[in-house]
>>> print(open('coords.cif').read())   # mmCIF, C-alpha atoms
data_structure
loop_
_atom_site.label_atom_id
_atom_site.label_comp_id
_atom_site.auth_asym_id
_atom_site.auth_seq_id
_atom_site.Cartn_x
_atom_site.Cartn_y
_atom_site.Cartn_z
CA MET A 222 -170.45 93.20 -6.14
CA LYS A 223 -168.46 92.09 -9.16
CA LYS A 224 -170.79 89.18 -9.70
CA LEU A 225 -173.82 91.44 -9.50
CA LEU A 226 -172.27 93.77 -12.02
CA LEU A 227 -171.70 90.91 -14.43
CA VAL A 228 -175.31 89.84 -14.11
CA ALA A 229 -176.44 93.38 -14.73
CA LEU A 230 -174.22 93.68 -17.76
CA SER A 231 -175.31 90.42 -19.28
CA LEU A 232 -178.95 91.35 -18.78
CA GLY A 233 -178.22 94.54 -20.64
CA ALA A 234 -176.54 92.53 -23.35
CA THR A 235 -179.50 90.18 -23.86
CA ALA A 236 -181.75 93.19 -23.99
CA THR A 237 -179.69 94.41 -26.91
CA ALA A 238 -178.99 91.08 -28.59
CA THR A 239 -182.63 90.24 -29.22
CA VAL A 240 -183.53 93.34 -31.09
CA SER A 241 -182.60 92.55 -34.65
CA MET A 242 -186.10 91.52 -35.69
CA ALA A 243 -187.57 94.84 -36.78
CA ALA A 244 -184.72 95.40 -39.19
CA THR A 245 -185.45 92.10 -40.87
CA MET A 246 -189.24 92.52 -40.77
CA ASN A 247 -190.47 90.88 -43.88
CA THR A 248 -192.63 92.01 -46.73
CA ASP A 249 -193.94 88.49 -47.18
CA PRO A 250 -196.67 87.63 -44.64
CA GLU A 251 -195.90 83.92 -44.60
CA GLN A 252 -192.23 84.59 -43.98
CA SER A 253 -193.05 87.10 -41.23
CA SER A 254 -195.17 84.52 -39.51
CA GLN A 255 -192.47 81.83 -39.78
CA GLN A 256 -189.84 84.26 -38.54
CA LEU A 257 -191.91 85.14 -35.48
CA ARG A 258 -192.34 81.46 -34.60
CA ASP A 259 -188.62 80.81 -35.08
CA TYR A 260 -187.87 83.81 -32.89
CA PHE A 261 -190.03 82.61 -30.00
CA LYS A 262 -188.78 79.03 -30.41
CA ALA A 263 -185.24 80.30 -30.02
CA LYS A 264 -186.14 82.63 -27.14
CA TYR A 265 -188.21 80.08 -25.20
CA PRO A 266 -187.26 76.60 -26.48
CA THR A 267 -189.38 74.77 -23.88
CA ILE A 268 -192.66 76.52 -24.72
CA ASN A 269 -194.79 74.96 -27.46
CA ILE A 270 -196.08 77.34 -30.11
CA ALA A 271 -199.63 76.05 -29.49
CA ASP A 272 -199.44 77.23 -25.86
CA TYR A 273 -199.06 80.89 -26.81
CA LYS A 274 -202.86 81.07 -26.86
CA ASN A 275 -202.67 81.34 -23.07
CA GLY A 276 -201.00 84.74 -23.08
CA ALA A 277 -198.54 85.91 -20.44
CA TYR A 278 -199.43 83.01 -18.12
CA ILE A 279 -197.18 80.63 -20.07
CA PHE A 280 -194.18 82.44 -18.62
CA SER A 281 -194.95 81.79 -14.94
CA ALA A 282 -196.00 78.51 -13.33
CA ASP A 283 -197.50 80.41 -10.38
CA LYS A 284 -199.62 82.73 -12.46
CA MET A 285 -200.60 79.83 -14.71
CA SER A 286 -202.06 77.85 -11.82
CA GLN A 287 -203.93 80.91 -10.49
CA TRP A 288 -205.30 81.51 -13.98
CA GLU A 289 -206.32 77.90 -14.48
CA ALA A 290 -208.22 78.06 -11.21
CA ALA A 291 -209.97 81.24 -12.35
CA GLU A 292 -210.89 79.64 -15.70
CA GLU A 293 -212.64 76.77 -13.92
CA PHE A 294 -215.44 79.06 -12.83
CA PRO A 295 -214.80 82.05 -15.03
CA PRO A 296 -216.41 85.45 -14.50
CA TYR A 297 -217.38 85.70 -18.17
CA LEU A 298 -220.08 82.99 -18.13
CA ASP A 299 -222.86 85.53 -17.52
CA ALA A 300 -221.61 87.55 -20.45
CA ILE A 301 -221.82 84.51 -22.75
CA ASP A 302 -225.43 83.98 -21.59
CA ALA A 303 -226.15 87.64 -22.24
CA GLY A 304 -224.60 87.22 -25.70
CA GLU A 305 -226.82 84.23 -26.39
CA ALA A 306 -229.93 86.18 -25.38
CA LEU A 307 -228.95 89.06 -27.66
CA TYR A 308 -228.31 86.62 -30.50
CA GLU A 309 -231.67 84.87 -30.01
CA LYS A 310 -233.46 88.20 -29.99
CA ASP A 311 -232.16 89.17 -33.45
CA LYS A 312 -231.45 85.66 -34.68
CA ALA A 313 -233.06 86.12 -38.09
CA THR A 314 -230.89 89.14 -38.83
CA PHE A 315 -227.65 87.59 -37.58
CA ASP A 316 -228.26 84.29 -39.37
CA LYS A 317 -228.92 86.09 -42.62
CA CYS A 318 -225.49 87.73 -42.38
CA PHE A 319 -223.41 84.94 -40.91
CA GLY A 320 -225.33 81.71 -41.52
CA SER A 321 -227.30 79.79 -38.92
CA ASP A 322 -224.41 77.57 -37.80
CA ILE A 323 -223.12 79.57 -34.87
CA THR A 324 -219.98 77.44 -34.65
CA LYS A 325 -218.80 78.66 -38.08
CA VAL A 326 -218.84 82.42 -37.57
CA ARG A 327 -215.86 83.38 -35.39
CA VAL A 328 -213.41 81.52 -37.60
CA LYS A 329 -214.28 83.65 -40.65
CA PHE A 330 -212.84 86.80 -39.10
CA PRO A 331 -210.92 88.96 -39.51
CA ARG A 332 -210.97 88.82 -43.30
CA PHE A 333 -210.18 91.12 -46.17
CA ASN A 334 -212.93 92.36 -48.48
CA ASP A 335 -211.51 93.05 -51.92
CA LYS A 336 -214.56 95.04 -52.99
CA THR A 337 -214.43 97.57 -50.18
CA ASN A 338 -210.65 97.22 -49.90
CA GLN A 339 -211.03 97.01 -46.10
CA VAL A 340 -210.44 94.51 -43.34
CA GLU A 341 -213.66 93.15 -41.83
CA THR A 342 -213.63 92.24 -38.15
CA LEU A 343 -216.24 90.18 -36.35
CA GLU A 344 -217.38 93.14 -34.26
CA GLY A 345 -217.40 95.48 -37.25
CA GLN A 346 -219.59 93.06 -39.21
CA ILE A 347 -221.94 92.45 -36.28
CA ASN A 348 -222.76 96.15 -36.27
CA LYS A 349 -222.88 96.41 -40.06
CA CYS A 350 -225.29 93.50 -40.10
CA ARG A 351 -227.49 95.29 -37.58
CA THR A 352 -227.54 98.67 -39.28
CA ASP A 353 -228.07 97.11 -42.75
CA ALA A 354 -231.19 95.47 -41.30
CA GLY A 355 -232.39 98.70 -39.75
CA LEU A 356 -231.42 97.70 -36.20
CA LYS A 357 -229.49 99.96 -33.90
CA ALA A 358 -225.72 99.45 -33.83
CA TYR A 359 -224.30 98.35 -30.49
CA LYS A 360 -221.86 100.69 -28.79
CA TRP A 361 -218.24 99.73 -29.55
CA LYS A 362 -215.65 98.43 -27.04
CA LYS A 363 -217.75 96.65 -24.41
CA GLY A 364 -221.26 95.55 -23.45
CA PRO A 365 -223.53 93.90 -26.08
CA ILE A 366 -220.95 94.06 -28.88
CA ALA A 367 -218.46 92.09 -26.77
CA GLN A 368 -221.17 89.73 -25.50
CA VAL A 369 -222.38 88.69 -28.96
CA SER A 370 -218.77 88.38 -30.12
CA ALA A 371 -218.03 86.25 -27.03
CA TYR A 372 -221.02 84.02 -27.81
CA TYR A 373 -219.70 83.35 -31.32
CA ALA A 374 -216.16 82.81 -29.99
CA TYR A 375 -217.34 80.41 -27.30
CA ASN A 376 -219.14 78.30 -29.88
CA ALA A 377 -216.03 78.16 -32.04
CA ARG A 378 -213.68 77.04 -29.28
CA GLY A 379 -211.16 74.46 -30.37
CA GLN A 380 -211.15 75.53 -34.01
CA LYS A 381 -208.03 77.13 -35.38
CA ILE A 382 -207.43 80.69 -36.45
CA ASN A 383 -207.33 80.74 -40.23
CA VAL A 384 -206.77 84.20 -41.70
CA LYS A 385 -206.21 84.25 -45.46
CA ILE A 386 -204.21 86.65 -47.55
CA ASN A 387 -205.13 86.07 -51.20
CA SER A 388 -204.85 89.47 -52.81
CA GLU A 389 -202.55 92.45 -53.10
CA GLY A 390 -205.05 94.48 -51.06
CA ALA A 391 -205.01 91.97 -48.22
CA LYS A 392 -201.24 91.90 -48.27
CA LYS A 393 -201.13 95.69 -48.11
CA ALA A 394 -203.44 95.68 -45.09
CA PHE A 395 -201.23 93.10 -43.38
CA LEU A 396 -198.10 95.15 -44.06
CA ALA A 397 -199.75 98.32 -42.78
CA GLY A 398 -200.62 96.47 -39.56
CA GLN A 399 -197.11 95.09 -39.27
CA ASN A 400 -195.65 98.51 -39.80
CA PHE A 401 -197.83 99.99 -37.07
CA TYR A 402 -196.77 97.16 -34.80
CA VAL A 403 -193.03 97.85 -35.05
CA GLN A 404 -193.08 101.66 -35.29
CA PRO A 405 -192.15 103.50 -32.08
CA ARG A 406 -194.65 106.17 -31.08
CA GLY A 407 -195.68 108.32 -28.16
CA GLN A 408 -193.73 110.10 -25.48
CA PHE A 409 -191.89 106.97 -24.33
CA ASN A 410 -190.78 106.09 -27.85
CA LEU A 411 -192.25 102.60 -27.46
CA SER A 412 -193.63 100.25 -30.08
CA CYS A 413 -195.92 97.24 -29.65
CA ALA A 414 -192.97 95.09 -30.71
CA LYS A 415 -190.71 96.39 -27.96
CA CYS A 416 -193.11 95.13 -25.31
CA HIS A 417 -194.77 92.11 -26.90
CA THR A 418 -191.98 90.69 -29.06
CA TYR A 419 -188.53 91.73 -27.86
CA ASN A 420 -189.46 91.77 -24.18
CA ALA A 421 -192.24 89.18 -24.11
CA GLY A 422 -191.85 87.12 -20.95
CA ARG A 423 -190.08 89.91 -19.09
CA LYS A 424 -191.69 91.95 -16.38
CA ALA A 425 -192.82 95.58 -16.43
CA ARG A 426 -193.10 96.11 -12.65
CA SER A 427 -194.95 92.91 -11.75
CA ASN A 428 -196.84 92.56 -15.06
CA ILE A 429 -195.46 89.85 -17.29
CA LEU A 430 -195.55 90.92 -20.93
CA SER A 431 -197.43 88.55 -23.24
CA ALA A 432 -196.08 87.57 -26.66
CA ASN A 433 -197.92 89.00 -29.64
CA LEU A 434 -198.15 85.43 -30.88
CA GLY A 435 -201.50 84.41 -29.39
CA HIS A 436 -202.86 87.92 -28.86
CA THR A 437 -206.10 87.33 -30.75
CA THR A 438 -207.11 83.76 -29.81
CA HIS A 439 -209.09 84.51 -26.66
CA PHE A 440 -210.80 87.82 -27.34
CA PRO A 441 -213.10 89.33 -26.24
CA VAL A 442 -211.48 89.22 -22.83
CA TYR A 443 -212.88 89.54 -19.33
CA ARG A 444 -210.31 91.55 -17.42
CA ALA A 445 -210.33 91.57 -13.65
CA LYS A 446 -209.18 95.18 -13.89
CA TRP A 447 -212.17 96.15 -16.06
CA LYS A 448 -214.73 93.85 -14.41
CA HIS A 449 -216.34 93.32 -17.82
CA LEU A 450 -215.67 91.94 -21.27
CA GLY A 451 -213.81 94.10 -23.76
CA THR A 452 -212.89 93.73 -27.41
CA LEU A 453 -209.41 93.38 -28.87
CA GLU A 454 -209.41 96.87 -30.32
CA TYR A 455 -210.53 98.29 -26.98
CA ARG A 456 -207.39 96.65 -25.53
CA TYR A 457 -205.32 98.36 -28.22
CA THR A 458 -206.54 101.76 -27.03
CA GLY A 459 -205.35 100.92 -23.50
CA CYS A 460 -201.88 99.93 -24.65
CA ASN A 461 -201.59 103.02 -26.83
CA LYS A 462 -202.44 105.15 -23.80
CA ASN A 463 -199.81 103.37 -21.71
CA MET A 464 -197.29 104.29 -24.38
CA ARG A 465 -198.44 107.89 -23.96
CA ALA A 466 -199.51 107.80 -27.58
CA LYS A 467 -202.88 108.98 -28.83
CA PRO A 468 -205.15 105.98 -29.27
CA PHE A 469 -206.96 105.50 -32.59
CA LYS A 470 -210.69 104.92 -32.90
CA VAL A 471 -211.75 101.30 -32.53
CA GLN A 472 -212.67 99.90 -35.95
CA SER A 473 -210.58 102.59 -37.64
CA THR A 474 -208.63 101.36 -40.67
CA THR A 475 -205.44 101.57 -38.58
CA TYR A 476 -206.69 99.26 -35.83
CA LYS A 477 -208.45 96.92 -38.26
CA ASN A 478 -205.15 96.48 -40.13
CA LEU A 479 -203.36 95.90 -36.82
CA GLU A 480 -205.94 93.28 -35.86
CA PHE A 481 -205.57 91.66 -39.29
CA PHE A 482 -201.78 91.49 -38.85
CA GLU A 483 -202.03 90.14 -35.29
CA ALA A 484 -204.62 87.54 -36.25
CA TYR A 485 -202.65 86.34 -39.27
CA MET A 486 -199.64 85.76 -36.99
CA ASP A 487 -201.92 83.52 -34.86
CA ASN A 488 -202.87 81.24 -37.76
CA GLY A 489 -203.07 77.63 -36.59
CA LEU A 490 -203.53 78.54 -32.92
CA GLU A 491 -206.69 77.41 -31.19
CA ILE A 492 -209.57 79.78 -30.61
CA ASN A 493 -210.19 79.88 -26.84
CA GLY A 494 -212.32 82.96 -26.40
CA PRO A 495 -213.68 84.51 -24.41
CA GLY A 496 -210.73 84.49 -22.04
CA TYR A 497 -209.99 85.70 -18.55
CA ARG A 498 -207.06 88.01 -17.87
CA GLU A 499 -205.82 89.88 -14.81
CA MET B 455 -159.48 128.00 13.04
CA LEU B 456 -158.13 127.82 9.53
CA LYS B 457 -159.40 124.34 9.28
CA SER B 458 -162.96 125.24 10.05
CA LYS B 459 -162.80 128.23 7.73
CA THR B 460 -161.76 126.05 4.81
CA LYS B 461 -164.54 123.71 5.73
CA GLN B 462 -167.03 126.53 5.68
CA LEU B 463 -165.74 127.71 2.36
CA LEU B 464 -165.95 124.23 0.90
CA THR B 465 -169.51 123.78 2.11
CA ALA B 466 -170.46 127.12 0.66
CA LEU B 467 -168.91 126.15 -2.65
CA ALA B 468 -170.58 122.76 -2.73
CA PHE B 469 -173.85 124.40 -1.89
CA SER B 470 -173.64 126.96 -4.65
CA THR B 471 -172.54 124.45 -7.27
CA ALA B 472 -175.47 122.27 -6.30
CA ILE B 473 -177.76 125.21 -6.84
CA MET B 474 -176.11 126.05 -10.11
CA ALA B 475 -176.28 122.50 -11.36
CA SER B 476 -179.99 122.29 -10.68
CA PRO B 477 -181.57 125.69 -10.39
CA MET B 478 -185.01 124.17 -9.89
CA ALA B 479 -183.90 122.22 -6.83
CA ALA B 480 -185.32 124.66 -4.34
CA ASN B 481 -188.89 124.71 -5.61
CA ALA B 482 -189.18 121.28 -7.21
CA ALA B 483 -187.90 119.20 -4.34
CA ASP B 484 -189.61 118.85 -1.02
CA LYS B 485 -188.15 121.22 1.56
CA GLY B 486 -184.89 120.09 3.04
CA MET B 487 -184.50 117.14 0.71
CA SER B 488 -181.09 116.51 -0.75
CA SER B 489 -180.78 116.09 -4.49
CA VAL B 490 -180.13 112.39 -3.97
CA GLU B 491 -183.29 111.97 -1.91
CA ALA B 492 -185.33 114.00 -4.39
CA GLY B 493 -183.89 111.95 -7.25
CA LYS B 494 -184.86 108.72 -5.54
CA LYS B 495 -188.40 109.97 -5.11
CA ILE B 496 -188.70 110.87 -8.79
CA ALA B 497 -187.05 107.64 -9.94
CA PHE B 498 -189.42 105.49 -7.87
CA SER B 499 -192.58 107.47 -8.59
CA LYS B 500 -194.97 105.73 -10.99
CA LYS B 501 -196.08 109.02 -12.48
CA LYS B 502 -192.61 110.43 -13.09
CA GLY B 503 -189.49 108.35 -13.68
CA ASN B 504 -191.06 104.96 -13.06
CA CYS B 505 -187.58 103.47 -13.50
CA LEU B 506 -188.70 100.47 -11.43
CA ALA B 507 -191.05 99.47 -14.24
CA CYS B 508 -187.97 98.15 -16.00
CA HIS B 509 -184.95 98.25 -13.66
CA ALA B 510 -184.21 96.57 -10.37
CA MET B 511 -182.85 99.22 -8.00
CA GLN B 512 -181.77 98.94 -4.43
CA GLY B 513 -184.61 99.97 -2.12
CA GLY B 514 -187.32 99.59 -4.76
CA ALA B 515 -190.04 96.94 -4.56
CA MET B 516 -191.73 95.03 -7.40
CA ALA B 517 -189.21 96.01 -10.02
CA GLY B 518 -189.48 94.84 -13.61
CA ASN B 519 -186.61 93.17 -15.44
CA ILE B 520 -186.78 94.68 -18.91
CA GLY B 521 -183.61 96.71 -18.41
CA PRO B 522 -180.41 95.87 -16.53
CA ALA B 523 -180.30 96.32 -12.75
CA LEU B 524 -179.07 99.80 -11.93
CA ILE B 525 -176.04 99.08 -9.81
CA ALA B 526 -172.39 100.10 -9.82
CA MET B 527 -173.30 103.13 -11.89
CA LYS B 528 -169.96 104.80 -11.10
CA LEU B 529 -168.15 101.84 -12.58
CA ARG B 530 -170.40 101.67 -15.60
CA PHE B 531 -170.30 105.42 -16.18
CA PRO B 532 -167.05 106.92 -14.86
CA ASP B 533 -168.10 110.05 -16.73
CA LYS B 534 -171.23 111.23 -14.93
CA GLN B 535 -172.26 113.46 -17.84
CA LYS B 536 -172.55 110.39 -20.02
CA LEU B 537 -175.03 108.91 -17.57
CA VAL B 538 -177.06 112.14 -17.69
CA ASP B 539 -176.99 111.94 -21.49
CA LYS B 540 -178.06 108.29 -21.42
CA VAL B 541 -181.11 108.98 -19.28
CA TRP B 542 -181.82 112.14 -21.27
CA GLY B 543 -181.85 110.05 -24.44
CA LYS B 544 -178.98 111.45 -26.50
CA LEU B 545 -179.18 109.75 -29.86
CA ASP B 546 -175.60 108.43 -29.99
CA LEU B 547 -176.14 106.60 -26.69
CA GLN B 548 -179.37 104.92 -27.74
CA VAL B 549 -179.52 101.18 -28.19
CA PRO B 550 -181.59 100.23 -31.25
CA ASN B 551 -185.11 99.02 -30.37
CA SER B 552 -184.45 99.52 -26.66
CA MET B 553 -187.41 100.16 -24.37
CA MET B 554 -185.41 102.80 -22.50
CA PRO B 555 -187.45 105.98 -22.96
CA PRO B 556 -185.58 109.16 -24.01
CA PHE B 557 -186.70 111.05 -20.88
CA GLY B 558 -185.22 114.43 -21.73
CA ARG B 559 -185.46 114.37 -25.52
CA ASN B 560 -189.16 113.49 -25.40
CA GLU B 561 -189.81 115.83 -22.47
CA VAL B 562 -191.04 113.16 -20.09
CA LEU B 563 -188.86 114.74 -17.38
CA THR B 564 -187.20 118.13 -16.98
CA ASP B 565 -183.41 118.41 -17.10
CA ALA B 566 -183.50 119.34 -13.40
CA ASP B 567 -185.35 116.12 -12.56
CA ILE B 568 -182.93 114.09 -14.67
CA ASN B 569 -179.97 115.62 -12.85
CA LYS B 570 -181.48 114.63 -9.51
CA ILE B 571 -182.21 111.10 -10.67
CA VAL B 572 -178.64 110.77 -11.83
CA ASP B 573 -177.36 112.10 -8.49
CA PHE B 574 -179.39 109.32 -6.89
CA ILE B 575 -178.48 106.42 -9.18
CA TYR B 576 -174.83 107.46 -9.01
CA THR B 577 -174.97 106.35 -5.37
CA LEU B 578 -176.13 102.84 -6.37
#
>>> encode(input="coords.cif", output="structure tokens")
Amino acid sequence: MKKLLLVALSLGATATATVSMAATMNTDPEQSSQQLRDYFKAKYPTINIADYKNGAYIFSADKMSQWEAAEEFPPYLDAIDAGEALYEKDKATFDKCFGSDITKVRVKFPRFNDKTNQVETLEGQINKCRTDAGLKAYKWKKGPIAQVSAYYAYNARGQKINVKINSEGAKKAFLAGQNFYVQPRGQFNLSCAKCHTYNAGRKARSNILSANLGHTTHFPVYRAKWKHLGTLEYRYTGCNKNMRAKPFKVQSTTYKNLEFFEAYMDNGLEINGPGYRE
Amino acid sequence: MLKSKTKQLLTALAFSTAIMASPMAANAADKGMSSVEAGKKIAFSKKKGNCLACHAMQGGAMAGNIGPALIAMKLRFPDKQKLVDKVWGKLDLQVPNSMMPPFGRNEVLTDADINKIVDFIYTL
């Protein structure tokens, strides 16, 4: 009994010892990024930073081998084919917006547009490209939008995330995203950071919590739970609901800033989308 | 004779204090369930307490490990009211950046439910 109590107490203590990050959250993006890497290096010294692209699976050898097996014949292959067909259909339009080298598109996003003073995401620009050319916008969240995005991601596999912050506006968008990330909200008083930074690697029931480092590398994602591909911002709405907080609209300024922040933190990690998740 | 009378009196007292402590007990809990049993049900329910999402607790399957295991609660909280306040989410008992939801303060659970949960975890 005494031993059990000690274990319980020390677990409680680690839960409280690892929480100093939000207080020291930086106003310099580069420093924030370095700090996050240092934090995860200290928390999980045996895990390479590059491996964070594989999400929660890096924390469990069992789940990792199940996932690797699933990725050998992944359920998203049909969706990539569907994305290719959609791309071919409106190739002239897409190529005019993004260039005809399909391997060079995914890596440009998300980016900050100083003229509109807004973050541009791949999905947002796919639809803008369509409506500018008089085509119908795809529905957000899943279906064609995720399939075309997955097609571009698939063709960019192996390249590294490279989000640039070169202006005050871009920095502001990053900081707004960072702020959203650490701010508790909703009935449970949770923040993204509580789950995906301070408790990354721990279990909520039997779900292992992924680290935010690596969140954007493999999107859009085919989730077994959804049985289809979904975009990153669609995933955000799910997590906001789990926090019993009102989700924002996908491609709202709030979520675009959050995506910009999350993607900047992933700089240097390999693009491995689309990915498969439980 | 005297002995059994005292016993009766004591039971009556215990009964009425239980009612007073949680006036909702009669309608909220399933019929005939003790406060401890009702508390266990709420604590383990995914829709209500969902304490197992984060805490290992005796008798609960597939617990998470975000928070400390809930054991030896009497030792940890000799003052039972402090345990109620902790689960309720009193500000001076909050750990910065903790995932522990303020169940009473944010109206996730009623005070009656929190009292029952505490009756239950006080047995752990």
>>> residues_around(input="coords.cif", residues="range 495-498 of chain B", least_positions_apart="5", cutoff="10 Å", atoms="all atoms listed in the file", output="number ranges by chain")
B: 483-484, 489-490, 503-507, 511, 513-515, 517, 563, 567-568, 570-572, 574-575
>>> resolve_selection(input="coords.cif", expression="the PyMOL selection byres ((chain B) within 12 of (chain A))", output="count of residues only")
49
>>> atom_distance(input="coords.cif", atom1="CA of Ile382 in chain A", atom2="CA of Pro468 in chain A")
26.4 Å
>>> closest_residue(input="coords.cif", among="A:Lys284, A:Lys274, A:Arg332, A:His417", to="Thr437 in chain A", atoms="all atoms listed in the file")
A:Lys274
>>> atom_distance(input="coords.cif", atom1="CA of Arg406 in chain A", atom2="CA of Leu434 in chain A")
21.0 Å
>>> resolve_selection(input="coords.cif", expression="the PyMOL selection byres ((chain A and resi 318) around 12)", output="CSV table (one decimal) with C-alpha atoms, keeping the file's coordinate frame")
chain,number,residue,atom,x,y,z
A,311,ASP,CA,-232.2,89.2,-33.4
A,312,LYS,CA,-231.4,85.7,-34.7
A,313,ALA,CA,-233.1,86.1,-38.1
A,314,THR,CA,-230.9,89.1,-38.8
A,315,PHE,CA,-227.6,87.6,-37.6
A,316,ASP,CA,-228.3,84.3,-39.4
A,317,LYS,CA,-228.9,86.1,-42.6
A,319,PHE,CA,-223.4,84.9,-40.9
A,320,GLY,CA,-225.3,81.7,-41.5
A,321,SER,CA,-227.3,79.8,-38.9
A,322,ASP,CA,-224.4,77.6,-37.8
A,323,ILE,CA,-223.1,79.6,-34.9
A,326,VAL,CA,-218.8,82.4,-37.6
A,343,LEU,CA,-216.2,90.2,-36.4
A,346,GLN,CA,-219.6,93.1,-39.2
A,347,ILE,CA,-221.9,92.4,-36.3
A,348,ASN,CA,-222.8,96.2,-36.3
A,349,LYS,CA,-222.9,96.4,-40.1
A,350,CYS,CA,-225.3,93.5,-40.1
A,351,ARG,CA,-227.5,95.3,-37.6
A,352,THR,CA,-227.5,98.7,-39.3
A,353,ASP,CA,-228.1,97.1,-42.8
A,354,ALA,CA,-231.2,95.5,-41.3
>>> atom_distance(input="coords.cif", atom1="CA of Glu483 in chain A", atom2="CA of Thr248 in chain A")
14.9 Å
>>> residues_around(input="coords.cif", residues="range 444-460 of chain A", least_positions_apart="5", cutoff="9 Å", atoms="all atoms listed in the file", output="JSON, numbers by chain")
{"A": [296, 297, 300, 344, 361, 362, 363, 364, 366, 367, 368, 370, 371, 413, 436, 437, 465, 466, 467, 468, 469, 470, 471, 472, 476, 477, 479, 480, 495, 496, 497, 498, 499]}
>>> write_last_selection(input="coords.cif", atoms="C-alpha atoms", output="PDB file, in the frame of the given file")
ATOM      1  CA  PRO A 296    -216.410  85.450 -14.500  1.00  0.00           C
ATOM      2  CA  TYR A 297    -217.380  85.700 -18.170  1.00  0.00           C
ATOM      3  CA  ALA A 300    -221.610  87.550 -20.450  1.00  0.00           C
ATOM      4  CA  GLU A 344    -217.380  93.140 -34.260  1.00  0.00           C
ATOM      5  CA  TRP A 361    -218.240  99.730 -29.550  1.00  0.00           C
ATOM      6  CA  LYS A 362    -215.650  98.430 -27.040  1.00  0.00           C
ATOM      7  CA  LYS A 363    -217.750  96.650 -24.410  1.00  0.00           C
ATOM      8  CA  GLY A 364    -221.260  95.550 -23.450  1.00  0.00           C
ATOM      9  CA  ILE A 366    -220.950  94.060 -28.880  1.00  0.00           C
ATOM     10  CA  ALA A 367    -218.460  92.090 -26.770  1.00  0.00           C
ATOM     11  CA  GLN A 368    -221.170  89.730 -25.500  1.00  0.00           C
ATOM     12  CA  SER A 370    -218.770  88.380 -30.120  1.00  0.00           C
ATOM     13  CA  ALA A 371    -218.030  86.250 -27.030  1.00  0.00           C
ATOM     14  CA  CYS A 413    -195.920  97.240 -29.650  1.00  0.00           C
ATOM     15  CA  HIS A 436    -202.860  87.920 -28.860  1.00  0.00           C
ATOM     16  CA  THR A 437    -206.100  87.330 -30.750  1.00  0.00           C
ATOM     17  CA  ARG A 465    -198.440 107.890 -23.960  1.00  0.00           C
ATOM     18  CA  ALA A 466    -199.510 107.800 -27.580  1.00  0.00           C
ATOM     19  CA  LYS A 467    -202.880 108.980 -28.830  1.00  0.00           C
ATOM     20  CA  PRO A 468    -205.150 105.980 -29.270  1.00  0.00           C
ATOM     21  CA  PHE A 469    -206.960 105.500 -32.590  1.00  0.00           C
ATOM     22  CA  LYS A 470    -210.690 104.920 -32.900  1.00  0.00           C
ATOM     23  CA  VAL A 471    -211.750 101.300 -32.530  1.00  0.00           C
ATOM     24  CA  GLN A 472    -212.670  99.900 -35.950  1.00  0.00           C
ATOM     25  CA  TYR A 476    -206.690  99.260 -35.830  1.00  0.00           C
ATOM     26  CA  LYS A 477    -208.450  96.920 -38.260  1.00  0.00           C
ATOM     27  CA  LEU A 479    -203.360  95.900 -36.820  1.00  0.00           C
ATOM     28  CA  GLU A 480    -205.940  93.280 -35.860  1.00  0.00           C
ATOM     29  CA  PRO A 495    -213.680  84.510 -24.410  1.00  0.00           C
ATOM     30  CA  GLY A 496    -210.730  84.490 -22.040  1.00  0.00           C
ATOM     31  CA  TYR A 497    -209.990  85.700 -18.550  1.00  0.00           C
ATOM     32  CA  ARG A 498    -207.060  88.010 -17.870  1.00  0.00           C
ATOM     33  CA  GLU A 499    -205.820  89.880 -14.810  1.00  0.00           C
TER      34      GLU A 499
END
>>> axis_aligned_box(input="coords.cif", around="range 554-570 of chain B", padding_each_side="3 Å", output="AutoDock Vina command-line options")
--center_x -185.5 --center_y 111.1 --center_z -17.5 --size_x 17.1 --size_y 22.5 --size_z 22.0
>>> closest_residue(input="coords.cif", among="A:Ser473, A:Asn387, A:Thr337, A:Asn433", to="Ile270 in chain A", atoms="only C-alpha atoms")
A:Asn433
